[in-house]
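For reference, work05.csv (CSV, C-alpha atoms and all ligand atoms):
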chain,number,residue,atom,x,y,z
B,218,MET,CA,-8.7,27.1,4.9
B,219,ARG,CA,-9.8,23.4,4.9
B,220,VAL,CA,-7.3,20.8,3.8
B,221,PRO,CA,-8.8,17.3,3.8
B,222,LEU,CA,-6.6,14.3,3.8
B,223,LEU,CA,-8.5,13.1,0.8
B,224,ASP,CA,-10.8,15.0,-1.6
B,225,LEU,CA,-12.9,12.6,-3.5
B,226,PRO,CA,-15.7,15.1,-4.4
B,227,SER,CA,-13.1,17.3,-6.1
B,228,GLN,CA,-11.7,14.4,-8.0
B,229,TYR,CA,-15.2,13.3,-9.0
B,230,GLN,CA,-15.9,16.8,-10.5
B,231,GLN,CA,-13.1,16.3,-12.9
B,232,ILE,CA,-14.5,13.1,-14.3
B,233,GLN,CA,-18.2,13.5,-13.7
B,234,ASP,CA,-19.0,14.2,-17.4
B,235,GLN,CA,-17.3,11.0,-18.4
B,236,VAL,CA,-18.5,8.8,-15.6
B,237,GLU,CA,-22.2,9.6,-15.4
B,238,PRO,CA,-23.2,8.5,-19.0
B,239,VAL,CA,-21.3,5.3,-18.8
B,240,VAL,CA,-22.7,4.4,-15.4
B,241,LEU,CA,-26.2,5.2,-16.6
B,242,ASP,CA,-25.6,2.9,-19.6
B,243,VAL,CA,-24.7,0.1,-17.3
B,244,LEU,CA,-27.7,0.7,-15.1
B,245,ARG,CA,-30.0,0.8,-18.2
B,246,SER,CA,-28.4,-2.3,-19.7
B,247,GLY,CA,-29.4,-4.6,-16.8
B,248,ASN,CA,-26.0,-6.3,-17.2
B,249,TYR,CA,-24.4,-5.7,-13.8
B,250,ILE,CA,-21.9,-8.6,-13.4
B,251,MET,CA,-19.1,-10.0,-15.5
B,252,GLY,CA,-20.0,-8.1,-18.6
B,253,GLU,CA,-18.2,-5.9,-21.2
B,254,GLN,CA,-17.0,-3.2,-18.7
B,255,VAL,CA,-15.1,-5.8,-16.6
B,256,LYS,CA,-13.5,-7.2,-19.7
B,257,LEU,CA,-12.5,-3.7,-20.8
B,258,PHE,CA,-11.0,-2.8,-17.5
B,259,GLU,CA,-9.0,-6.0,-17.2
B,260,LEU,CA,-7.6,-5.4,-20.7
B,261,LYS,CA,-6.8,-1.7,-19.9
B,262,ALA,CA,-5.1,-2.7,-16.7
B,263,ALA,CA,-3.1,-5.4,-18.4
B,264,GLU,CA,-1.9,-3.0,-21.0
B,265,TYR,CA,-1.0,-0.3,-18.4
B,266,LEU,CA,0.9,-2.7,-16.2
B,267,SER,CA,2.5,-4.5,-19.2
B,268,VAL,CA,1.4,-7.8,-17.7
B,269,LYS,CA,0.0,-10.9,-19.5
B,270,HIS,CA,-3.1,-11.6,-17.3
B,271,THR,CA,-5.3,-9.4,-15.1
B,272,ILE,CA,-8.1,-11.0,-13.1
B,273,SER,CA,-10.5,-8.6,-11.4
B,274,CYS,CA,-12.1,-9.4,-8.0
B,275,ALA,CA,-14.1,-7.8,-5.2
B,276,ASN,CA,-11.4,-6.1,-3.2
B,277,GLY,CA,-7.7,-6.1,-2.3
B,278,SER,CA,-8.1,-8.5,0.6
B,279,ASP,CA,-9.7,-11.1,-1.6
B,280,ALA,CA,-7.0,-10.6,-4.1
B,281,LEU,CA,-4.4,-11.7,-1.5
B,282,TYR,CA,-6.4,-14.7,-0.3
B,283,ILE,CA,-7.2,-15.9,-3.8
B,284,SER,CA,-3.5,-15.6,-4.7
B,285,LEU,CA,-2.4,-17.7,-1.7
B,286,LEU,CA,-4.9,-20.4,-2.6
B,287,ALA,CA,-3.7,-20.4,-6.2
B,288,LEU,CA,-0.1,-20.9,-4.9
B,289,ASP,CA,-1.3,-23.9,-2.8
B,290,ILE,CA,-0.4,-22.2,0.5
B,291,LYS,CA,-1.9,-24.3,3.3
B,292,ALA,CA,-1.8,-25.3,7.0
B,293,GLY,CA,1.8,-26.0,8.1
B,294,ASP,CA,3.3,-23.4,5.6
B,295,GLU,CA,4.9,-20.2,6.7
B,296,VAL,CA,4.5,-17.0,4.7
B,297,ILE,CA,6.8,-14.0,5.5
B,298,THR,CA,5.4,-10.5,5.4
B,299,THR,CA,6.0,-7.1,6.9
B,300,PRO,CA,4.7,-6.1,10.4
B,301,PHE,CA,4.1,-2.5,9.2
B,302,THR,CA,1.1,-2.7,6.9
B,303,TYR,CA,-2.6,-2.9,6.9
B,304,ILE,CA,-3.9,-6.1,8.5
B,305,ALA,CA,-5.2,-7.5,5.2
B,306,SER,CA,-1.6,-8.4,4.2
B,307,SER,CA,-1.1,-10.8,7.0
B,308,GLU,CA,-4.8,-11.8,7.6
B,309,SER,CA,-4.9,-13.5,4.2
B,310,ILE,CA,-2.1,-15.8,5.4
B,311,ASP,CA,-4.2,-17.0,8.4
B,312,GLN,CA,-7.3,-17.3,6.2
B,313,ALA,CA,-5.3,-19.7,4.0
B,314,GLY,CA,-4.5,-21.8,7.1
B,315,ALA,CA,-0.8,-20.9,7.0
B,316,THR,CA,1.3,-19.0,9.6
B,317,PRO,CA,2.3,-15.3,9.1
B,318,VAL,CA,5.9,-14.6,10.0
B,319,PHE,CA,7.1,-11.0,10.2
B,320,ALA,CA,10.3,-9.6,9.0
B,321,ASP,CA,11.1,-6.0,10.2
B,322,ILE,CA,11.1,-3.0,7.9
B,323,ASP,CA,13.7,-0.5,6.8
B,324,LEU,CA,12.8,2.7,8.6
B,325,LYS,CA,14.0,4.8,5.7
B,326,THR,CA,11.4,3.4,3.3
B,327,PHE,CA,8.9,1.7,5.6
B,328,ASN,CA,9.2,-1.4,3.4
B,329,ILE,CA,10.4,-4.9,4.3
B,330,ASP,CA,14.1,-5.2,4.9
B,331,PRO,CA,15.6,-8.0,2.7
B,332,LYS,CA,18.2,-8.8,5.3
B,333,LYS,CA,15.6,-9.3,8.0
B,334,LEU,CA,13.5,-11.3,5.5
B,335,ARG,CA,16.4,-13.7,4.8
B,336,GLU,CA,16.8,-14.4,8.6
B,337,LYS,CA,13.2,-15.6,8.8
B,338,ILE,CA,13.4,-18.3,6.1
B,339,ASN,CA,13.2,-22.0,7.2
B,340,SER,CA,12.0,-25.2,5.7
B,341,LYS,CA,8.4,-24.3,6.3
B,342,THR,CA,8.6,-21.0,4.4
B,343,LYS,CA,6.7,-21.2,1.1
B,344,ALA,CA,6.0,-17.6,0.1
B,345,ILE,CA,6.6,-13.9,0.8
B,346,ILE,CA,4.0,-11.2,0.7
B,347,ILE,CA,5.8,-8.0,0.2
B,348,VAL,CA,3.9,-4.7,0.4
B,349,HIS,CA,4.9,-1.7,-1.7
B,350,LEU,CA,3.9,0.7,1.1
B,351,PHE,CA,2.8,4.3,0.7
B,352,GLY,CA,3.6,4.3,-3.0
B,353,GLN,CA,7.2,3.1,-3.3
B,354,CYS,CA,8.5,-0.3,-4.5
B,355,CYS,CA,10.4,-2.7,-2.2
B,356,PRO,CA,14.0,-3.5,-3.1
B,357,MET,CA,13.0,-6.1,-5.7
B,358,ASP,CA,16.5,-7.1,-6.9
B,359,GLU,CA,17.4,-8.4,-3.5
B,360,ILE,CA,13.9,-9.9,-2.8
B,361,LEU,CA,13.8,-11.7,-6.2
B,362,SER,CA,17.2,-13.2,-5.7
B,363,ILE,CA,16.3,-14.4,-2.2
B,364,ALA,CA,13.1,-16.0,-3.6
B,365,GLN,CA,15.1,-17.7,-6.3
B,366,GLU,CA,17.7,-19.0,-3.9
B,367,TYR,CA,15.1,-20.6,-1.6
B,368,ASN,CA,12.5,-21.4,-4.2
B,369,LEU,CA,9.8,-19.1,-2.6
B,370,LYS,CA,6.8,-17.6,-4.3
B,371,ILE,CA,6.3,-13.8,-4.2
B,372,ILE,CA,3.0,-12.0,-4.0
B,373,GLU,CA,3.4,-8.2,-4.3
B,374,ASP,CA,0.7,-6.4,-2.4
B,375,THR,CA,0.4,-3.3,-4.5
B,376,ALA,CA,-2.8,-1.9,-2.9
B,377,GLN,CA,-0.9,1.4,-2.3
B,378,ALA,CA,1.3,1.7,-5.4
B,379,PHE,CA,-0.7,1.5,-8.6
B,380,GLY,CA,1.6,2.9,-11.3
B,381,ALA,CA,4.9,3.1,-9.3
B,382,THR,CA,7.8,2.0,-11.3
B,383,TYR,CA,10.8,-0.1,-10.3
B,384,SER,CA,14.2,0.3,-12.0
B,385,SER,CA,16.4,-2.7,-11.6
B,386,LEU,CA,20.0,-1.9,-10.5
B,387,ASP,CA,21.0,-5.4,-11.6
B,388,SER,CA,21.9,-5.3,-15.3
B,389,ASN,CA,21.1,-9.0,-15.6
B,390,ASN,CA,17.5,-8.3,-14.5
B,391,PHE,CA,14.7,-6.6,-16.3
B,392,ASN,CA,15.1,-2.8,-16.8
B,393,LYS,CA,12.0,-1.2,-15.6
B,394,ALA,CA,8.7,-2.7,-14.4
B,395,LYS,CA,5.5,-1.6,-12.8
B,396,ALA,CA,4.9,-2.4,-9.2
B,397,GLY,CA,3.0,-5.7,-8.9
B,398,THR,CA,4.4,-7.3,-12.0
B,399,MET,CA,7.8,-8.6,-10.8
B,400,GLY,CA,6.9,-11.4,-8.5
B,401,ASP,CA,4.7,-14.4,-9.2
B,402,ILE,CA,1.4,-12.5,-8.5
B,403,GLY,CA,0.5,-8.9,-7.9
B,404,THR,CA,-2.6,-7.7,-6.0
B,405,PHE,CA,-4.3,-4.4,-6.0
B,406,SER,CA,-7.1,-2.6,-4.1
B,407,PHE,CA,-9.4,0.0,-5.5
B,408,TYR,CA,-10.9,1.0,-2.2
B,409,PRO,CA,-11.8,4.7,-2.3
B,410,THR,CA,-8.7,6.0,-0.4
B,411,LYS,CA,-6.4,4.3,-2.9
B,412,ASN,CA,-4.6,6.3,-5.6
B,413,LEU,CA,-6.5,4.4,-8.2
B,414,SER,CA,-10.0,3.9,-6.7
B,415,CYS,CA,-13.5,3.1,-7.6
B,416,ALA,CA,-16.8,4.2,-6.0
B,417,GLY,CA,-17.0,1.3,-3.6
B,418,ASP,CA,-14.9,-1.9,-3.4
B,419,GLY,CA,-12.8,-3.4,-6.1
B,420,GLY,CA,-9.6,-5.4,-6.6
B,421,LEU,CA,-7.3,-6.9,-9.2
B,422,ILE,CA,-4.8,-9.7,-9.4
B,423,CYS,CA,-2.1,-9.9,-12.1
B,424,THR,CA,0.4,-12.5,-13.3
B,425,ASN,CA,2.5,-13.4,-16.2
B,426,SER,CA,1.9,-17.1,-15.7
B,427,ASP,CA,-0.8,-18.8,-17.9
B,428,GLU,CA,-1.1,-21.6,-15.4
B,429,LEU,CA,-1.6,-19.3,-12.4
B,430,ALA,CA,-4.0,-17.1,-14.3
B,431,LYS,CA,-6.2,-20.1,-15.0
B,432,ARG,CA,-6.2,-21.1,-11.4
B,433,LEU,CA,-6.8,-17.6,-10.1
B,434,ARG,CA,-9.8,-17.2,-12.4
B,435,ARG,CA,-11.2,-20.5,-11.3
B,436,ILE,CA,-10.7,-19.8,-7.6
B,437,LYS,CA,-12.4,-16.4,-7.7
B,438,ALA,CA,-15.5,-18.1,-9.3
B,439,HIS,CA,-16.2,-20.8,-6.7
B,440,GLY,CA,-13.6,-23.1,-8.2
B,441,SER,CA,-15.4,-23.3,-11.6
B,442,GLU,CA,-14.4,-22.8,-15.2
B,443,ARG,CA,-17.8,-23.7,-16.5
B,444,ARG,CA,-21.0,-22.6,-14.6
B,445,TYR,CA,-22.2,-25.2,-12.1
B,446,TYR,CA,-19.2,-27.5,-12.6
B,447,HIS,CA,-16.8,-27.1,-9.7
B,448,LEU,CA,-13.3,-28.4,-9.8
B,449,GLU,CA,-12.2,-27.2,-6.4
B,450,LEU,CA,-13.4,-25.0,-3.6
B,451,GLY,CA,-13.0,-21.3,-4.2
B,452,VAL,CA,-14.7,-18.0,-3.3
B,453,ASN,CA,-17.2,-15.6,-4.8
B,454,SER,CA,-15.2,-12.4,-5.6
B,455,ARG,CA,-16.4,-10.2,-8.4
B,456,LEU,CA,-15.7,-6.7,-9.6
B,457,ASP,CA,-19.1,-5.3,-10.8
B,458,GLU,CA,-19.8,-3.5,-14.0
B,459,ILE,CA,-20.3,-0.1,-12.5
B,460,GLN,CA,-17.0,-0.1,-10.6
B,461,ALA,CA,-15.2,-1.5,-13.7
B,462,ALA,CA,-16.6,1.3,-15.9
B,463,ILE,CA,-15.4,4.0,-13.4
B,464,LEU,CA,-12.0,2.4,-13.2
B,465,SER,CA,-11.6,2.3,-17.0
B,466,ILE,CA,-12.1,6.1,-17.0
B,467,LYS,CA,-9.8,6.7,-14.0
B,468,ILE,CA,-6.9,4.5,-15.3
B,469,ASN,CA,-6.5,7.0,-18.1
B,470,LEU,CA,-5.7,9.7,-15.6
B,471,ILE,CA,-3.6,7.7,-13.1
B,472,ASP,CA,-0.2,8.9,-14.5
B,473,LYS,CA,-1.3,12.5,-14.4
B,474,TRP,CA,-2.6,12.1,-10.8
B,475,ASN,CA,0.5,10.3,-9.6
B,476,LYS,CA,2.7,13.0,-11.2
B,477,GLN,CA,0.7,15.6,-9.3
B,478,ARG,CA,1.3,13.7,-6.0
B,479,MET,CA,5.0,13.8,-6.8
B,480,ILE,CA,4.9,17.6,-7.4
B,481,ASN,CA,3.0,18.1,-4.2
B,482,ALA,CA,5.6,16.0,-2.4
B,483,GLU,CA,8.4,18.2,-3.9
B,484,LEU,CA,6.9,21.3,-2.3
B,485,TYR,CA,6.7,19.5,1.1
B,486,PHE,CA,10.4,18.5,0.7
B,487,LYS,CA,11.3,22.1,0.1
B,488,GLU,CA,9.2,23.7,2.8
B,489,LEU,CA,9.9,21.2,5.5
B,490,ALA,CA,13.6,20.8,4.9
B,491,ASP,CA,14.5,23.1,7.8
B,492,LEU,CA,12.5,21.0,10.3
B,493,GLU,CA,14.2,17.9,9.0
B,494,ALA,CA,17.7,19.5,9.2
B,495,GLU,CA,17.1,20.3,12.9
B,496,GLY,CA,16.0,16.7,13.6
B,497,THR,CA,12.4,17.6,14.5
B,498,ILE,CA,10.8,15.5,11.8
B,499,LYS,CA,12.1,13.0,9.2
B,500,LEU,CA,10.8,13.3,5.6
B,501,PRO,CA,10.1,10.3,3.5
B,502,GLU,CA,13.1,8.9,1.5
B,503,ILE,CA,12.9,8.1,-2.2
B,504,ALA,CA,15.0,5.0,-2.9
B,505,ASP,CA,17.1,5.1,-6.1
B,506,TYR,CA,15.4,1.9,-7.5
B,507,SER,CA,11.8,3.1,-7.4
B,508,SER,CA,9.6,6.0,-8.3
B,509,HIS,CA,7.6,7.1,-5.3
B,510,ILE,CA,4.0,7.9,-6.3
B,511,PHE,CA,3.2,9.2,-2.8
B,512,HIS,CA,0.1,7.3,-2.1
B,513,GLN,CA,0.8,8.7,1.3
B,514,PHE,CA,3.2,11.4,2.4
B,515,SER,CA,4.3,10.0,5.7
B,516,ILE,CA,6.6,11.9,8.0
B,517,LEU,CA,8.2,10.7,11.2
B,518,VAL,CA,7.7,13.0,14.1
B,519,GLY,CA,10.2,13.5,17.0
B,520,THR,CA,12.2,10.4,16.2
B,521,ARG,CA,14.8,11.3,18.8
B,522,LEU,CA,12.3,10.9,21.6
B,523,GLU,CA,12.2,7.6,23.4
B,524,ASP,CA,8.4,7.5,22.7
B,525,SER,CA,7.3,10.0,20.1
B,526,SER,CA,3.7,8.9,19.9
B,527,LYS,CA,2.4,11.6,22.4
B,528,LEU,CA,4.0,14.4,20.4
B,529,ARG,CA,2.9,12.9,17.1
B,530,ASP,CA,-0.7,12.6,18.4
B,531,GLN,CA,-0.6,16.2,19.6
B,532,LEU,CA,0.5,17.3,16.1
B,533,LYS,CA,-2.4,15.4,14.6
B,534,GLU,CA,-4.8,17.2,17.0
B,535,PHE,CA,-3.2,20.6,16.3
B,536,LEU,CA,-3.6,20.0,12.5
B,537,ALA,CA,-7.2,18.9,13.0
B,538,SER,CA,-7.9,22.1,15.0
B,539,HIS,CA,-6.8,24.0,11.9
B,540,GLU,CA,-9.0,21.9,9.7
B,541,ILE,CA,-6.1,19.9,8.3
B,542,GLY,CA,-6.7,16.2,7.9
B,543,SER,CA,-3.9,13.7,8.7
B,544,GLU,CA,-3.9,10.0,9.6
B,545,ILE,CA,-1.7,7.5,11.4
B,546,TYR,CA,-0.9,4.6,9.1
B,547,TYR,CA,-0.4,2.5,11.3
B,548,PRO,CA,-0.7,3.1,15.0
B,549,VAL,CA,0.0,-0.5,16.1
B,550,ALA,CA,2.5,-2.7,14.4
B,551,LEU,CA,1.0,-6.1,13.4
B,552,HIS,CA,3.2,-8.1,15.9
B,553,LEU,CA,1.6,-6.1,18.8
B,554,GLN,CA,-2.0,-6.5,17.6
B,555,GLU,CA,-4.4,-8.2,20.0
B,556,VAL,CA,-5.2,-10.7,17.3
B,557,TYR,CA,-1.6,-12.0,17.2
B,558,LYS,CA,-1.1,-12.1,21.0
B,559,HIS,CA,-0.8,-15.9,20.9
B,560,PHE,CA,2.6,-15.5,19.2
B,561,ASN,CA,3.8,-13.7,22.4
B,562,TYR,CA,5.8,-11.1,20.5
B,563,LYS,CA,7.7,-8.5,22.5
B,564,PRO,CA,7.5,-4.9,21.4
B,565,LEU,CA,11.2,-4.8,20.4
B,566,ASP,CA,11.0,-8.0,18.3
B,567,TYR,CA,10.4,-5.6,15.4
B,568,PRO,CA,12.0,-2.3,16.6
B,569,ASN,CA,11.6,-0.5,13.3
B,570,ALA,CA,8.0,-1.3,12.8
B,571,ARG,CA,7.3,-0.3,16.4
B,572,LYS,CA,9.3,3.0,16.0
B,573,ALA,CA,7.4,3.8,12.8
B,574,SER,CA,4.0,3.2,14.5
B,575,HIS,CA,5.0,5.6,17.3
B,576,SER,CA,6.2,8.3,15.0
B,577,VAL,CA,4.4,8.2,11.7
B,578,LEU,CA,1.9,10.7,10.4
B,579,SER,CA,0.5,11.0,6.9
B,580,ILE,CA,-0.4,14.5,5.7
B,581,PRO,CA,-2.5,15.5,2.7
B,582,VAL,CA,-0.7,14.8,-0.7
B,583,HIS,CA,-3.7,14.0,-3.0
B,584,PRO,CA,-3.6,15.4,-6.5
B,585,GLU,CA,-6.5,17.8,-5.9
B,586,LEU,CA,-4.5,19.9,-3.4
B,587,ASN,CA,-3.4,23.4,-4.5
B,588,GLN,CA,-0.1,25.1,-3.6
B,589,GLU,CA,-1.8,27.4,-1.1
B,590,GLN,CA,-3.1,24.5,0.9
B,591,ILE,CA,0.3,22.7,1.0
B,592,LEU,CA,1.9,25.9,2.2
B,593,PHE,CA,-0.7,26.2,4.9
B,594,VAL,CA,-0.1,22.7,6.1
B,595,CYS,CA,3.7,23.4,6.3
B,596,LYS,CA,3.2,26.7,8.1
B,597,THR,CA,0.8,24.9,10.6
B,598,ILE,CA,3.4,22.1,11.2
B,599,LYS,CA,6.1,24.7,11.8
B,600,ASP,CA,3.8,26.7,14.2
B,601,PHE,CA,3.2,23.5,16.2
B,602,PHE,CA,7.0,22.8,16.6
B,603,LYS,CA,7.6,26.5,17.6
B,604,GLN,CA,5.0,26.0,20.4
B,605,ASN,CA,6.5,22.6,21.4
B,606,LYS,CA,10.2,23.5,21.2
B,607,ASN,CA,10.6,22.7,24.9
B,608,VAL,CA,9.6,19.1,24.5
B,609,LEU,CA,12.4,18.4,22.0
B,610,GLU,CA,14.9,20.6,23.8
B,611,ALA,CA,14.2,18.8,27.1
B,612,ASP,CA,14.9,15.5,25.3
B,613,ASN,CA,18.2,16.8,24.1
B,614,LEU,CA,19.0,17.8,27.7
B,615,THR,CA,18.2,14.3,29.0
B,616,LYS,CA,20.4,12.8,26.3
B,617,SER,CA,23.3,15.0,27.1
B,618,LEU,CA,23.0,14.4,30.8
B,619,SER,CA,22.9,10.6,30.3
B,620,HIS,CA,26.2,10.6,28.3
R,701,LIG,C1,-1.4,-2.7,1.9
R,701,LIG,C2,-2.9,-3.1,1.8
R,701,LIG,N1,-3.2,-4.4,1.5
R,701,LIG,C3,-4.4,-4.8,1.3
R,701,LIG,C4,-5.5,-3.9,1.5
R,701,LIG,C5,-6.9,-4.4,1.4
R,701,LIG,O1,-7.6,-3.9,0.3
R,701,LIG,P1,-9.2,-3.9,0.4
R,701,LIG,O2,-9.6,-2.8,1.5
R,701,LIG,O3,-9.7,-3.5,-0.9
R,701,LIG,O4,-9.7,-5.2,0.8
R,701,LIG,C6,-5.2,-2.6,1.7
R,701,LIG,C7,-6.3,-1.5,1.8
R,701,LIG,O5,-7.2,-1.4,2.4
R,701,LIG,C8,-3.9,-2.2,1.9
R,701,LIG,O6,-3.6,-0.9,2.2
With the file now loaded, output its structure as structure tokens.
Amino acid sequence: MRVPLLDLPSQYQQIQDQVEPVVLDVLRSGNYIMGEQVKLFELKAAEYLSVKHTISCANGSDALYISLLALDIKAGDEVITTPFTYIASSESIDQAGATPVFADIDLKTFNIDPKKLREKINSKTKAIIIVHLFGQCCPMDEILSIAQEYNLKIIEDTAQAFGATYSSLDSNNFNKAKAGTMGDIGTFSFYPTKNLSCAGDGGLICTNSDELAKRLRRIKAHGSERRYYHLELGVNSRLDEIQAAILSIKINLIDKWNKQRMINAELYFKELADLEAEGTIKLPEIADYSSHIFHQFSILVGTRLEDSSKLRDQLKEFLASHEIGSEIYYPVALHLQEVYKHFNYKPLDYPNARKASHSVLSIPVHPELNQEQILFVCKTIKDFFKQNKNVLEADNLTKSLSH
């Protein structure tokens, strides 16, 4: 049985009858850029997210960069973000000329830890890019109150959490909100691996501020509000009509697909509970303030080991030998990336991000999976640990001898 990490052909089959006529219409219309389809998708996304303004763009990385420019982030400023994310989250800060500053994650949720975030604030700090990683919201009550206290702007990188819902635990705050709509600006990616994806590249920015919306629209169009009249320097970042048409169809299905991801996750929780109970793996935790739409189902492997990366890599290979896809998001925490070596970070400057990068493995959870496939993944994982019992037992022995 083959269990791919992602099954886009199967997903496409479900929507083929809707997508092909609309895409053909676009092709025949000759109207490929900034037309009716883009307007329609922006409206649909604004309605879905319950947000005032949505501004489409070329991809999630541009969405972040444009957002930083709209917030006037520049050289000399510091922007705090997580060291456990895709490079785009921090790269945009450098692109804007500012300095990325990392604050470690909470290993339970993989998201930025508000306490660590607070420790990194100084007079140069201007903004925070939080990332709702793997499909679950960050603890927004705490993050919003820190931002208010220090007058910091918040960008929510929501590339991995389209449709996740945050429930405020603070009765003075809003009740429920969609990921991406709680800070000053939310950004999204529709790269094909994302839970809401197009057939190429695509991105979106959202905000409730009229002023920021105007600025974001201007910056994404070479700093112009009127063609050939440029008010400031900007970029060229456009979602095209074909991608927008596909996204307008897929957004109607996103709740159904997210729900199926959650159902798939439930089965993993049930089937892998024994392995978690014996401390062999750690299953993802769902925080009480957020829905988890399981953009990824990421387990931690052999967390009791000093360095679990070898065992984790062996599990990945074992799964591959049984035609089961899995991926390491992310094998190197950002503070240890070559590109940031000038900061001279030590591995243990961000111990949780480092630990996660050594132990994490994402297994298939996409909505096109069937029960049989999930059970096969669970059985294969259990078989692997039966064969590798000695590694974990040897570790227990070393620990008991050293006490
Ligand atoms: C957390 C995060 N931020 C930003 C991006 C960048 O999005 P894109 O690939 O569309 O530029 C991605 C995905 O690739 C991501 O996972």
Please identify every residue of chain B that has at least one atom no farther than 9 Å from an atom of ligand LIG 701 (chain R), counting only C-alpha atoms and all ligand atoms, and for each give the shortest atom pair and the distance in Å to one decimal, arranged by chain then increasing number, as a tab-separated table.
residue	atom	partner	partner_atom	distance
B:Ala275	CA	R:LIG701	O3	7.5
B:Asn276	CA	R:LIG701	O3	3.9
B:Gly277	CA	R:LIG701	O1	3.4
B:Ser278	CA	R:LIG701	O4	3.7
B:Asp279	CA	R:LIG701	O4	6.4
B:Ala280	CA	R:LIG701	O4	7.8
B:Leu281	CA	R:LIG701	C3	7.4
B:Thr302	CA	R:LIG701	C1	5.6
B:Tyr303	CA	R:LIG701	C2	5.1
B:Ile304	CA	R:LIG701	N1	7.2
B:Ala305	CA	R:LIG701	C3	4.8
B:Ser306	CA	R:LIG701	N1	5.1
B:Ser307	CA	R:LIG701	N1	8.7
B:Val348	CA	R:LIG701	C1	5.9
B:His349	CA	R:LIG701	C1	7.3
B:Leu350	CA	R:LIG701	C1	6.3
B:Phe351	CA	R:LIG701	C1	8.3
B:Asp374	CA	R:LIG701	N1	5.9
B:Thr375	CA	R:LIG701	C1	6.7
B:Ala376	CA	R:LIG701	C2	4.9
B:Gln377	CA	R:LIG701	O6	5.7
B:Ala378	CA	R:LIG701	C1	8.9
B:Thr404	CA	R:LIG701	C3	8.1
B:Phe405	CA	R:LIG701	O1	7.1
B:Ser406	CA	R:LIG701	O3	4.2
B:Phe407	CA	R:LIG701	O3	5.8
B:Tyr408	CA	R:LIG701	O3	4.8
B:Pro409	CA	R:LIG701	O3	8.6
B:Thr410	CA	R:LIG701	O5	8.1
B:Lys411	CA	R:LIG701	C7	7.5
B:Asp418	CA	R:LIG701	O3	6.0
B:Gly419	CA	R:LIG701	O3	6.1
B:Gly420	CA	R:LIG701	O3	6.0
*Between B:Leu285, B:Ile498, B:Leu484, B:Ile510, which one has atoms that come closest to Asn587 (chain B), using only C-alpha atoms?*
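For Asn587 (chain B), the nearest of the given residues is B:Leu484.
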*Near Ser507 (chain B), counting all atoms listed in the file, which residues have an atom at most 6 Å away, once you skip same-chain residues fewer than 3 positions from it, shown as a list of chain:residue names?*
B:Cys354, B:Thr382, B:Tyr383, B:Ser384, B:Ala504
Contact residues around region 311-320 of chain B with all atoms listed in the file at 7 Å, ignoring same-chain residues under 2 positions, as a CSV table (one decimal) with C-alpha atoms, keeping the file's coordinate frame:
chain,number,residue,atom,x,y,z
B,282,TYR,CA,-6.4,-14.7,-0.3
B,285,LEU,CA,-2.4,-17.7,-1.7
B,286,LEU,CA,-4.9,-20.4,-2.6
B,290,ILE,CA,-0.4,-22.2,0.5
B,291,LYS,CA,-1.9,-24.3,3.3
B,292,ALA,CA,-1.8,-25.3,7.0
B,293,GLY,CA,1.8,-26.0,8.1
B,294,ASP,CA,3.3,-23.4,5.6
B,295,GLU,CA,4.9,-20.2,6.7
B,296,VAL,CA,4.5,-17.0,4.7
B,297,ILE,CA,6.8,-14.0,5.5
B,298,THR,CA,5.4,-10.5,5.4
B,299,THR,CA,6.0,-7.1,6.9
B,300,PRO,CA,4.7,-6.1,10.4
B,307,SER,CA,-1.1,-10.8,7.0
B,308,GLU,CA,-4.8,-11.8,7.6
B,309,SER,CA,-4.9,-13.5,4.2
B,322,ILE,CA,11.1,-3.0,7.9
B,329,ILE,CA,10.4,-4.9,4.3
B,333,LYS,CA,15.6,-9.3,8.0
B,334,LEU,CA,13.5,-11.3,5.5
B,337,LYS,CA,13.2,-15.6,8.8
*CA of Lys558 (chain B) to CA of Ala573 (chain B): how many Å, to one decimal?*
19.8 Å
*One-decimal distance in Å that lies between CA of His447 (chain B) and CA of Gly247 (chain B)*: 26.7 Å
*Kindly provide, as a PyMOL selection string, the polymer residues lying within 10 Å of (13.9, 18.1, 13.5), counting all atoms listed in the file and using the coordinates exactly as they appear in the file.*
chain B and resi 489-500+517-521+602+609
_Within 12 Å of (17.1, -4.2, -10.6) (file coordinates; all atoms listed in the file), which protein or nucleic acid residues are there? I'd like them as a PyMOL selection string._
chain B and resi 354-362+382-394+399+505-507
_Nearest to Ile422 (chain B) by atom-to-atom distance, counting all atoms listed in the file, from B:Thr271, B:Phe327, B:Ser525, B:Ser441_ =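 Selected residue with least distance to Ile422 (chain B): B:Thr271.
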*Skipping near chain neighbours, those fewer than 2 positions away, what residues fall within 12 Å of Asp427 (chain B) using all atoms listed in the file, listed as a ChimeraX atom specification?*
/B:268-272,401-402,423-425,429-434
*Top pick for closest residue to Asp323 (chain B), considering B:Asn569, B:Gln554, B:Gln531, B:Asn368 and counting only C-alpha atoms*: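 Nearest candidate to Asp323 (chain B) out of B:Asn569, B:Gln554, B:Gln531, B:Asn368: B:Asn569.
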